[in-house]
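Engineer: My structure is below; once you've seen it, I'll send some questions.
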Amino acid sequence: MDAAGSAGALLPATVLVLLPVGDGDPEAPGLPPAEARGLDVHVVPGVSAMQAAAARLGAPLGHDFCAISLSDNLKPWMLVARRLRAAADGDFVSALYNPASKARPRTIFETFALLREMKDGVTPVVFARAIGRADERVVVTTLADADPGIVDMATLVIIGSSETRIVERGGARPWVYTPRRSLQRA
């Protein structure tokens, strides 16, 4: 029996587990759904990192958007890259989770290299780190000027669509806005 199975076998019938706001993944860390059978599990909806960041920024997710994990721990990098290309080709706003770790510091640089080949340099980019915590930091920039070296695992990266705009607010953090109505015609 693996560690998760052993842990599941030792748990009482009802367990209260409090998890911090994370990436929106409903699975309890280390306890696969198969191991949760027979447990009285209650999932309380929370706010995903992309929703928390969007609330700080205005309306960057105002139109079609997608969320992509840059981690290649459970899937090959080629699949991640294919999804990034599809999102860029479809002109989605993209919220990028798990952008860099100590084990894979180059992933975010490869991501930006790929996106810079496919998208305009004026595309808005947001680095939203530790939203809602004391060490919160938000950087609003463009794809051409973005420094992926500032990213860590506590950072959510938002890449705008061709219609996303940065709205300056006279000394305050700028808004990032993606109109709900597409200006493009088929």
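Labels for the structure tokens follow display order: chains A, B, ..., residues from 1 in each chain, ligands from 1.
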Looking only at the backbone, which of the residues in segment 111-183 of chain A does DSSP tag as strand (DSSP E), as number ranges by chain?
Structural biologist: A: 124-129, 137-142, 155-159, 165-169, 172-177
Engineer: As number ranges by chain, please: the residues near segment 131-140 of chain A (cut-off 7 Å, only C-alpha atoms, same-chain neighbours under 3 positions excluded).
Structural biologist: A: 52-53, 125-128
Engineer: Would you kindly return, as a list in words, each protein, DNA or RNA residue with an atom no farther than 9 Å from any atom of Ala88 of chain A, considering only C-alpha atoms and excluding same-chain residues fewer than 3 positions away?
Structural biologist: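 Residues near the query, excluding close chain neighbours: Arg83, Leu84, Arg85, Asp91, Phe92, Val93, Ser94, Leu115, Met118, Lys119 and Ser161 of chain A.
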Engineer: How many Å lie between atom CA of Gly62 of chain A and atom CA of Arg180 of chain A, rounded to one decimal?
Structural biologist: 5.1 Å
Engineer: Determine which residues of segment 106-176 of chain A DSSP labels as helix (DSSP H, G or I) from the backbone of this structure, then write them out as a ChimeraX atom specification.
Structural biologist: /A:107-118,148-150
Engineer: Considering only C-alpha atoms, return as a list of chain:residue names whatever protein or nucleic-acid residues lie within 7 Å of Arg165 of chain A, sequence-local ones (same chain, fewer than 6 positions apart) excluded.
Structural biologist: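 Near neighbours after the sequence-gap exclusion: A:Pro124, A:Val176, A:Tyr177, A:Thr178.
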